[in-house]
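Structure first, commentary second.
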Amino acid sequence: MANLTREETLDLIQEVLEVYPEKAKKDRAKHLAVNDQSIEQSKKCITSNRKSLPGVMTVRGCAYAGSKGVVWGPIKDMIHISHGPVGCGQYSRAGRRNYYVGMTGVNTFGTMNFTSDFQEKDIVFGGDKKLAKLIDEIEGLFPLNKGISVQSECPIGLIGDDIEAVSKKKAKELDKPIVPVRCEGFRGVSQSLGHHIACDSIRDWVIGNRDGDDSFQTTPYDVAVIGDYNIGGDAWASRILLEEMGLRVVAQWAGDGTLAEIELTPKVKLNLIHCYRSMNYISRHMEEKYGIPWMEYNFFGPTKIAESLRKIAACFDETIQAGAERVIAKYEAQYAAVIAKYRPRLEGKRVMLYVGGLRPRHVIGAYEDLGMEVVGTGYEFAHNDDYDRTIKDMSDSTLLYDDVTGYEFEEFVKRIKPDLIGSGIKEKYIFQKMGIPFRQMHSWDYSGPYHGYDGFAIFARDMDMTINNPCWAKLHAPWLADQAAQSEQQEPKRASA
Amino acid sequence: MPSVMIRKSDSGALLFYVAKKDMEETIATVETDTAESWGGEVELTDGSKWYVEPISPPPVFPTTLRFKRAE
């Protein structure tokens with residue numbers, strides 16, 4: 001199907017909105033837009049970071065998910081207590097695939113679930129005593145932990161427990177950082193506020209720990225990788241590129257990161273942000289307090305990698321700039337071979353994305369390197385500054401959808417008929433059953449890494465494996481076989497590879 | 001009276017960032033911008049006007065200041 005014009009896309013949005021009641025229609029209309037590259041500021045065309053409407057199907061998470069799941073969770077040598085009822089911790093346990101090295105249960109705790117398991121009596125009489133006891137138990141059972149964070153679940157805020165007081169008292173007793181995080185799930189409209197709260201708690205309780213301590217040997221080439229959660233090994237694939245060009249990566253936030261790395265981050269020369277949405281807050285703070293500049297980079301696909309490496313190198317001297325060129329040249333044969341192999345199989349395929357913090361715009365370059373086109377993109381919990389950055393990366397008259405509802409997304413897909421959808425587990429089975437190739441772009445569908453040159457090879461293979469899989473033609477119900485055969489003739493056969 | 005973080009962008013312009021409002025705008029004009037002081041009425045590129053008592057000596061950016069709405 002040919003790409004839609006601007007008018008057709010606008011009509012499509014109107015048509016999809018038609019089923020809503022008047023008020024809901026008015027509200028949802030603000031979240032759907034047609035991309036127009038001439039617009040400088042996204043607030044003129046799209047509204048974001050607003051409360052989801054009751055009654056629509058949204059895939060957003062909560063503030064606890066943003067704090068415990070995203071920002072704090074991957075810090076591997078700390079123990080993160082899910083303080084409250086047992087479910088929040090258990091259902092979010094290890095689901096994000098933040099890889100790390102270490103002996104789980106001895107010196108690292110990433111995939112474990114620590115919870116205070118609130119019962120009725122804790123709600124009635126308060127849970128502070130239980131928290132204190134829990135911290136003592138943790139210290140006895142896991143003495144190699146470097147610190148503890150207390151991630152509040154909803155009831156903590158509702159009953160007004162004083163987790164700060166407990167944390168301060170216990171931190172003094174144990175002589176370890178114990179960080180209370182007020183990330184109750186009901187705060188804010190999505191996980192985005194959880195990121196902010198988590199960054200603020202790092203700012204208040206951790207980042208200044210080594211102020212005035214100059215024992216750390218610095219070099220002029222120290223950088224910190226911020227907002228890379230090492231999903232499927234992403235941060236490792238990014239880190240080697242930075243190290244090969246001559247930089248020293250002092251800290252990884254937060255994938256495979258440690259408390260010590262976080263405490264040392266104020267000593268670096270430059271903060272490199274991959275996920276702007278979740279960690280721009282802490283970077284801005286470090287810029288203000290320590291004068292560390294920060295910049296965004298993008299390690300998806302060779303075009304963007306080369307662009308980012310050069311941009312990073314421009315902040316340093318000639319040795320690093322030469323290093324960047326050396327790295328790009330070193331991997332050239334490798335990524336050229338990947339493109340030569342997969343581009344002919346993927347050329348012209350159209351993709352719709354709906355993911356979280358950075359991928360709806362960051363992966364566009366990687367798809368374009370493979371000759372594919374992104375025809376629709378949207379964020380679960382972005383703010384307007386994310387859309388400001390997205391508008392430039394998307395072609396004109398493509399669809400933008402903010403906090404898209406289950407219904408809208410399905411209707412858009414039915415009309416636009418993309419060759420691939422990249423979204424999360426909640427969308428996956430609906431679209432697979434509709435016979436549309438689907439990749440999870442949160443967890444890389446249990447594959448990865450996708451960052452860096454090594455990741456690009458895996459990315460290309462995975463996209464090819466999904467789109468050119470012969471199974472998609474077999475997904476029609478037997479009693480619809482006639483119709484399916486007809487549409488099969490009209491469309492070029494997907495499984496032509 | 002929002003807390004506003006003022007920082008320099010890559011192009012050298014001053015950015016006006018309000019974390020709570022999730023707003024980042026470029027500063028178009030500043031009433032007093034001399035060697036002795038910085039502040040007064042500040043106009044942003046989106047047309048909104050803000051006010052801060054002139055600070056002397058001029059602050060080193062990035063910094064956080066409390067602004068008031070002008071008008």
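Here, A, B, ... name the chains of the structure tokens in the order displayed, residue numbers run from 1 inside each chain, and ligands are numbered from 1 in the same displayed order.
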Please return, as an NGL selection string, all residues of stretch 17-154 of chain A that DSSP assigns to strand (DSSP E or B) on the basis of the backbone. :A and (32-34 or 78-83 or 98 or 104 or 108 or 114-115 or 147-152)
Could you give me, as JSON lines, every stretch 191-310 of chain A residue with an atom at most 10 Å from stretch 13-35 of chain B, plus its closest atom pair and distance in Å to one decimal, counting only C-alpha atoms, rows ordered by chain then number?
```
{"residue": "A:His196", "atom": "CA", "partner": "B:Ala19", "partner_atom": "CA", "distance": 9.4}
{"residue": "A:Tyr281", "atom": "CA", "partner": "B:Ala19", "partner_atom": "CA", "distance": 8.1}
{"residue": "A:Arg284", "atom": "CA", "partner": "B:Tyr17", "partner_atom": "CA", "distance": 9.9}
```
One-decimal distance in Å that lies between atom CA of A:Leu475 and atom CA of A:Gln432: 8.4 Å
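Nearest-residue note for A:Phe142: choosing from A:Gly105, A:Pro21, A:Pro74, A:Pro302, the minimum distance belongs to A:Gly105, counting only C-alpha atoms.
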Within 12 Å of chain B, which residues of chain A are there when counting only C-alpha atoms? Please give them as a ChimeraX atom specification. /A:40-44,47-50,188,192-193,196-197,200,277,280-296,311,315,382-386,388
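Here atom CA of A:Met394 stands at a distance of 24.7 Å from atom CA of A:Gln191.
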Could you give me the residues within stretch 217-439 of chain A that DSSP places in helix (DSSP H, G or I), as an MDAnalysis selection string? chainID A and resid 234:244 259:267 276:290 302:313 318:346 359:362 364:369 384:393 406:416 425:433
Residue contacts of B:Glu36 (7 Å, only C-alpha atoms) excluding same-chain residues fewer than 6 positions away, as a ChimeraX atom specification: /B:56-58
For the selection just defined, write its residues with N, CA and C atoms to a file, as an mmCIF file, in the first residue's frame.
```cif
data_model
loop_
_atom_site.group_PDB
_atom_site.id
_atom_site.type_symbol
_atom_site.label_atom_id
_atom_site.label_comp_id
_atom_site.auth_asym_id
_atom_site.auth_seq_id
_atom_site.Cartn_x
_atom_site.Cartn_y
_atom_site.Cartn_z
ATOM 1 N N SER B 56 23.371 40.722 40.590
ATOM 2 C CA SER B 56 24.671 41.340 40.364
ATOM 3 C C SER B 56 25.678 40.736 41.337
ATOM 4 N N PRO B 57 26.811 40.240 40.920
ATOM 5 C CA PRO B 57 27.252 40.160 39.531
ATOM 6 C C PRO B 57 26.476 39.092 38.759
ATOM 7 N N PRO B 58 26.533 39.100 37.416
ATOM 8 C CA PRO B 58 25.751 38.147 36.621
ATOM 9 C C PRO B 58 26.040 36.710 37.038
#
```
Distance in Å - atom CA of A:Lys68 versus atom CA of A:His80: 7.3 Å
Pick out the residues sitting within 12 Å of A:Ala313, and hand them over as a PyMOL selection string; count only C-alpha atoms, and ignore anything fewer than 3 positions along from it in its own chain. chain A and resi 221+223+241-247+270+272+295+297+305-310+316-328
At a cut-off of 7 Å, using only C-alpha atoms, what residues contact A:Thr265? Leave out same-chain residues fewer than 6 positions from it and give the result as JSON, numbers by chain. {"A": [224, 250, 251]}
Applying 9 Å and only C-alpha atoms, which residues near B:Trp50 remain after dropping the ones on its own chain fewer than 6 positions away? List them as a PDB file with N, CA and C atoms, in the first residue's frame.
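Writing the result to result_25.pdb gives the following:
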```pdb
ATOM      1  N   GLY B  40      15.903  41.169  35.226  1.00  0.00           N
ATOM      2  CA  GLY B  40      14.805  41.993  34.779  1.00  0.00           C
ATOM      3  C   GLY B  40      13.806  41.165  34.016  1.00  0.00           C
ATOM      4  N   GLU B  41      13.153  41.804  33.062  1.00  0.00           N
ATOM      5  CA  GLU B  41      12.144  41.077  32.299  1.00  0.00           C
ATOM      6  C   GLU B  41      12.806  40.241  31.200  1.00  0.00           C
ATOM      7  N   VAL B  42      12.374  39.005  31.115  1.00  0.00           N
ATOM      8  CA  VAL B  42      12.954  38.079  30.154  1.00  0.00           C
ATOM      9  C   VAL B  42      11.856  37.636  29.203  1.00  0.00           C
ATOM     10  N   GLU B  43      12.087  37.799  27.913  1.00  0.00           N
ATOM     11  CA  GLU B  43      11.075  37.341  26.964  1.00  0.00           C
ATOM     12  C   GLU B  43      11.572  36.084  26.256  1.00  0.00           C
ATOM     13  N   LEU B  44      10.678  35.095  26.146  1.00  0.00           N
ATOM     14  CA  LEU B  44      11.039  33.839  25.497  1.00  0.00           C
ATOM     15  C   LEU B  44      10.580  33.853  24.048  1.00  0.00           C
ATOM     16  N   PHE B  67      11.754  32.563  39.043  1.00  0.00           N
ATOM     17  CA  PHE B  67      11.171  33.604  38.186  1.00  0.00           C
ATOM     18  C   PHE B  67       9.723  33.867  38.571  1.00  0.00           C
ATOM     19  N   LYS B  68       9.270  35.070  38.233  1.00  0.00           N
ATOM     20  CA  LYS B  68       7.853  35.390  38.364  1.00  0.00           C
ATOM     21  C   LYS B  68       7.303  35.633  36.971  1.00  0.00           C
ATOM     22  N   ARG B  69       6.005  35.434  36.818  1.00  0.00           N
ATOM     23  CA  ARG B  69       5.385  35.789  35.542  1.00  0.00           C
ATOM     24  C   ARG B  69       5.316  37.306  35.434  1.00  0.00           C
ATOM     25  N   ALA B  70       5.754  37.865  34.339  1.00  0.00           N
ATOM     26  CA  ALA B  70       5.650  39.307  34.141  1.00  0.00           C
ATOM     27  C   ALA B  70       4.272  39.604  33.547  1.00  0.00           C
ATOM     28  N   GLU B  71       3.946  40.809  33.262  1.00  0.00           N
ATOM     29  CA  GLU B  71       2.693  41.290  32.660  1.00  0.00           C
ATOM     30  C   GLU B  71       1.841  42.004  33.699  1.00  0.00           C
TER      31      GLU B  71
END
```
Can you pull out every residue within 7 Å of stretch 148-152 of chain A, counting only C-alpha atoms, but drop anything in the same chain fewer than 2 positions away, and send it as a PyMOL selection string? chain A and resi 68+78-84+154+156+177-184
